[in-house]
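Chemist: Sharing a structure, written as structure tokens. Questions coming.
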Protein chains: 2
Amino acid sequence: MLKPLSLCLACLACSASADVTLINVFEVPEGQRDSAIASWEAARDFLAGQPGYISTSLQASLAPDARFALINIAKWDTPEAFAEATRKMQAANIFPPVEGLRFTPALYSEIRAD
Amino acid sequence: MLKPLSLCLACLACSASADVTLINVFEVPEGQRDSAIASWEAARDFLAGQPGYISTSLQASLAPDARFALINIAKWDTPEAFAEATRKMQAANIFPPVEGLRFTPALYSEIRAD
């Protein structure tokens, strides 16, 4: 169950913004980094045109043997907008799977900032 | 081996900033979320006073059963500053471990932004 966004909008003491952050953590098999980035780019090109998209950033680990070689951090207006956009993307079947690539997307809200 | 930061500073066409991003991905056992946040707060209080610290943000998953319930995203001036700060924190032994908590910190640089 998703946390209702209305809690953030209603709470004057809450520093969290009303939008949500998608964080997608990639476990990339050796030799598949470029393919994973190309797949991410295809997904970004599709998602950037969907309602509710705000921005995205792809982070690459400095250490080549990091457990998570790539992490995508994106902003969306609402959980519903992200869910609808990814549903459309899956239906469109725009990119081939990358062998052995494991990715774990989830939506987040900021609870502490300093 | 860490990627030399001088590449970013020297490349005029590169949109990546010169600082680095720490992303720490937390796998939190059921019932340990509050303890994990308290532990993170203790670490933040220590690290925020160290040379090279820029900012930090703790992201909590909207779904309670997400694989990664908490993700910390922080900015540091350089990989060396972060390494020295965490070395000091470990030596100071400032917080008790949280049973079953798995965390995977790594340094990242932005390779795509939109």
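In the structure tokens, chains take the letters A, B, ... in the order shown, each chain's residues start at 1, and ligands count up from 1 in the order shown.
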Out of stretch 51-93 of chain A, which residues get strand (DSSP E) from DSSP, as a ChimeraX atom specification?
Modeler: /A:53-61,70-76
Chemist: When the cut-off is 10 Å and we count only C-alpha atoms, which residues of chain A are near chain B, given as JSON, numbers by chain?
Modeler: {"A": [1, 2, 3, 4, 5, 16, 20, 21, 22, 23, 25, 37, 40, 41, 44, 45, 48, 54, 55, 56, 57, 58, 59, 60, 61, 62, 63, 64, 65, 66, 67, 68, 69, 70, 71, 72, 73, 74, 79, 104, 105, 106, 107, 108, 109, 110, 111, 112, 113, 114]}
Chemist: Would you mind telling me which residue in B:Trp76, B:Asp19, B:Val98, B:Pro29 lies nearest to B:Gly49 when using only C-alpha atoms?
Modeler: B:Trp76
Chemist: Which residues come within 9 Å of stretch 80-95 of chain A, counting only C-alpha atoms, excluding same-chain residues fewer than 5 positions away, as an NGL selection string?
Modeler: :A and (22 or 39 or 42-43 or 46-47 or 50-53 or 107)
Chemist: Which distance in Å separates atom CA of A:Phe26 and atom CA of A:Phe103, to one decimal?
Modeler: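 Between atom CA of A:Phe26 and atom CA of A:Phe103 the gap is 4.4 Å.
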Chemist: Could you jot down the atom CA of A:Thr78 to atom CA of A:Asn24 separation for me, Å, one decimal place?
Modeler: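 It comes out at 16.2 Å.
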Chemist: Please provide the set of residues having any atom within 10 Å of A:Leu101, restricted to only C-alpha atoms, with same-chain residues fewer than 5 positions apart removed, written as a PyMOL selection string.
Modeler: chain A and resi 26-30+32-33+35-36
Chemist: For N, CA, C and O atoms, I'd like the residues from the last selection saved as an mmCIF file, in the first residue's frame.
Modeler:
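Generated output (result-v1.cif):
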```cif
data_model
loop_
_atom_site.group_PDB
_atom_site.id
_atom_site.type_symbol
_atom_site.label_atom_id
_atom_site.label_comp_id
_atom_site.auth_asym_id
_atom_site.auth_seq_id
_atom_site.Cartn_x
_atom_site.Cartn_y
_atom_site.Cartn_z
ATOM 1 N N PHE A 26 20.488 -1.017 -9.530
ATOM 2 C CA PHE A 26 20.840 -2.007 -10.549
ATOM 3 C C PHE A 26 22.011 -2.875 -10.092
ATOM 4 O O PHE A 26 23.073 -2.352 -9.725
ATOM 5 N N GLU A 27 21.826 -4.178 -10.163
ATOM 6 C CA GLU A 27 22.933 -5.127 -10.013
ATOM 7 C C GLU A 27 23.316 -5.581 -11.417
ATOM 8 O O GLU A 27 22.523 -6.220 -12.109
ATOM 9 N N VAL A 28 24.516 -5.210 -11.855
ATOM 10 C CA VAL A 28 24.922 -5.345 -13.256
ATOM 11 C C VAL A 28 25.978 -6.445 -13.401
ATOM 12 O O VAL A 28 27.061 -6.330 -12.832
ATOM 13 N N PRO A 29 25.686 -7.506 -14.157
ATOM 14 C CA PRO A 29 26.702 -8.547 -14.368
ATOM 15 C C PRO A 29 27.933 -7.976 -15.079
ATOM 16 O O PRO A 29 27.830 -6.999 -15.843
ATOM 17 N N GLU A 30 29.075 -8.598 -14.836
ATOM 18 C CA GLU A 30 30.320 -8.149 -15.463
ATOM 19 C C GLU A 30 30.160 -8.108 -16.988
ATOM 20 O O GLU A 30 29.597 -9.024 -17.590
ATOM 21 N N GLN A 32 28.266 -6.130 -18.686
ATOM 22 C CA GLN A 32 26.935 -5.698 -19.136
ATOM 23 C C GLN A 32 26.638 -4.228 -18.807
ATOM 24 O O GLN A 32 25.497 -3.782 -18.967
ATOM 25 N N ARG A 33 27.655 -3.503 -18.359
ATOM 26 C CA ARG A 33 27.401 -2.126 -17.927
ATOM 27 C C ARG A 33 26.888 -1.252 -19.076
ATOM 28 O O ARG A 33 25.900 -0.528 -18.916
ATOM 29 N N SER A 35 25.392 -2.150 -21.857
ATOM 30 C CA SER A 35 24.041 -2.587 -22.241
ATOM 31 C C SER A 35 23.013 -2.096 -21.236
ATOM 32 O O SER A 35 21.901 -1.693 -21.608
ATOM 33 N N ALA A 36 23.375 -2.127 -19.968
ATOM 34 C CA ALA A 36 22.447 -1.660 -18.930
ATOM 35 C C ALA A 36 22.188 -0.166 -19.086
ATOM 36 O O ALA A 36 21.046 0.292 -18.959
#
```
Chemist: What is the distance, in Å and to one decimal place, between atom CA of A:Asp77 and atom CA of A:Asp34?
Modeler: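 Taking atom CA of A:Asp77 as the start and atom CA of A:Asp34 as the end point, the length is 29.3 Å.
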Chemist: Just list as a PyMOL selection string whatever in chain B DSSP marks as alpha helix (DSSP H).
Modeler: chain B and resi 6-10+33-47+79-92
Chemist: If you keep N, CA, C and O atoms, can you produce a file of those selected residues as a short mmCIF file (atom, residue, chain, number, x, y, z; two decimals), in the first residue's frame?
Modeler:
```cif
data_model
loop_
_atom_site.label_atom_id
_atom_site.label_comp_id
_atom_site.auth_asym_id
_atom_site.auth_seq_id
_atom_site.Cartn_x
_atom_site.Cartn_y
_atom_site.Cartn_z
N SER B 6 39.97 14.37 -11.29
CA SER B 6 40.50 15.37 -12.20
C SER B 6 39.87 15.25 -13.60
O SER B 6 39.81 16.20 -14.34
N LEU B 7 39.38 14.07 -13.93
CA LEU B 7 38.70 13.90 -15.22
C LEU B 7 37.48 14.82 -15.31
O LEU B 7 37.23 15.43 -16.33
N CYS B 8 36.72 14.89 -14.20
CA CYS B 8 35.54 15.74 -14.20
C CYS B 8 35.93 17.21 -14.26
O CYS B 8 35.30 18.00 -14.95
N LEU B 9 36.94 17.58 -13.51
CA LEU B 9 37.33 18.98 -13.46
C LEU B 9 37.90 19.46 -14.79
O LEU B 9 37.77 20.62 -15.16
N ALA B 10 38.51 18.54 -15.53
CA ALA B 10 39.19 18.93 -16.75
C ALA B 10 38.27 18.94 -17.96
O ALA B 10 38.59 19.58 -18.97
N ARG B 33 12.96 -0.65 11.76
CA ARG B 33 13.04 0.61 11.00
C ARG B 33 13.43 1.79 11.89
O ARG B 33 14.32 2.58 11.55
N ASP B 34 12.77 1.92 13.05
CA ASP B 34 13.07 3.05 13.93
C ASP B 34 14.51 2.99 14.44
O ASP B 34 15.19 4.02 14.54
N SER B 35 14.97 1.79 14.78
CA SER B 35 16.35 1.63 15.25
C SER B 35 17.34 1.99 14.14
O SER B 35 18.38 2.60 14.40
N ALA B 36 17.00 1.59 12.91
CA ALA B 36 17.88 1.91 11.78
C ALA B 36 17.95 3.41 11.56
O ALA B 36 19.03 3.97 11.30
N ILE B 37 16.81 4.10 11.69
CA ILE B 37 16.80 5.56 11.52
C ILE B 37 17.60 6.23 12.63
O ILE B 37 18.38 7.16 12.37
N ALA B 38 17.45 5.75 13.85
CA ALA B 38 18.22 6.32 14.98
C ALA B 38 19.72 6.13 14.76
O ALA B 38 20.53 7.02 15.04
N SER B 39 20.10 4.97 14.24
CA SER B 39 21.50 4.70 13.96
C SER B 39 22.01 5.63 12.85
O SER B 39 23.11 6.19 12.94
N TRP B 40 21.19 5.80 11.82
CA TRP B 40 21.55 6.72 10.74
C TRP B 40 21.73 8.14 11.27
O TRP B 40 22.66 8.85 10.90
N GLU B 41 20.82 8.57 12.18
CA GLU B 41 20.92 9.92 12.74
C GLU B 41 22.22 10.12 13.51
O GLU B 41 22.84 11.18 13.45
N ALA B 42 22.63 9.09 14.25
CA ALA B 42 23.88 9.17 15.00
C ALA B 42 25.07 9.31 14.04
O ALA B 42 25.98 10.10 14.28
N ALA B 43 25.02 8.54 12.96
CA ALA B 43 26.08 8.62 11.96
C ALA B 43 26.09 10.00 11.30
O ALA B 43 27.15 10.62 11.12
N ARG B 44 24.91 10.49 10.97
CA ARG B 44 24.83 11.82 10.33
C ARG B 44 25.38 12.90 11.25
O ARG B 44 26.14 13.77 10.83
N ASP B 45 25.03 12.84 12.54
CA ASP B 45 25.51 13.85 13.48
C ASP B 45 27.03 13.87 13.52
O ASP B 45 27.64 14.93 13.62
N PHE B 46 27.63 12.68 13.44
CA PHE B 46 29.10 12.61 13.45
C PHE B 46 29.66 13.13 12.13
O PHE B 46 30.54 13.99 12.10
N LEU B 47 29.12 12.61 11.03
CA LEU B 47 29.70 12.90 9.71
C LEU B 47 29.51 14.36 9.29
O LEU B 47 30.35 14.92 8.59
N PRO B 79 36.19 11.63 -2.65
CA PRO B 79 36.21 10.27 -2.09
C PRO B 79 37.12 10.18 -0.86
O PRO B 79 36.80 9.47 0.10
N GLU B 80 38.23 10.90 -0.90
CA GLU B 80 39.19 10.83 0.21
C GLU B 80 38.58 11.41 1.49
O GLU B 80 38.77 10.87 2.59
N ALA B 81 37.84 12.51 1.35
CA ALA B 81 37.21 13.11 2.53
C ALA B 81 36.19 12.15 3.14
O ALA B 81 36.13 11.99 4.36
N PHE B 82 35.41 11.50 2.30
CA PHE B 82 34.43 10.54 2.81
C PHE B 82 35.11 9.36 3.49
O PHE B 82 34.70 8.92 4.58
N ALA B 83 36.16 8.85 2.87
CA ALA B 83 36.88 7.71 3.44
C ALA B 83 37.47 8.05 4.81
O ALA B 83 37.37 7.27 5.77
N GLU B 84 38.04 9.23 4.92
CA GLU B 84 38.65 9.65 6.19
C GLU B 84 37.57 9.85 7.26
O GLU B 84 37.75 9.44 8.42
N ALA B 85 36.44 10.44 6.88
CA ALA B 85 35.36 10.67 7.85
C ALA B 85 34.78 9.34 8.36
O ALA B 85 34.53 9.19 9.56
N THR B 86 34.58 8.38 7.48
CA THR B 86 34.02 7.10 7.93
C THR B 86 35.05 6.31 8.73
O THR B 86 34.68 5.59 9.66
N ARG B 87 36.32 6.47 8.40
CA ARG B 87 37.36 5.80 9.21
C ARG B 87 37.31 6.34 10.64
O ARG B 87 37.33 5.58 11.61
N LYS B 88 37.20 7.65 10.77
CA LYS B 88 37.11 8.26 12.10
C LYS B 88 35.85 7.79 12.85
O LYS B 88 35.88 7.53 14.04
N MET B 89 34.74 7.70 12.11
CA MET B 89 33.47 7.31 12.75
C MET B 89 33.58 5.88 13.27
O MET B 89 33.12 5.58 14.38
N GLN B 90 34.16 5.00 12.48
CA GLN B 90 34.30 3.62 12.93
C GLN B 90 35.20 3.53 14.16
O GLN B 90 34.92 2.79 15.10
N ALA B 91 36.26 4.33 14.16
CA ALA B 91 37.17 4.32 15.30
C ALA B 91 36.47 4.86 16.55
O ALA B 91 36.73 4.40 17.66
N ALA B 92 35.56 5.83 16.35
CA ALA B 92 34.87 6.44 17.49
C ALA B 92 33.80 5.51 18.06
O ALA B 92 33.38 5.68 19.21
#
```
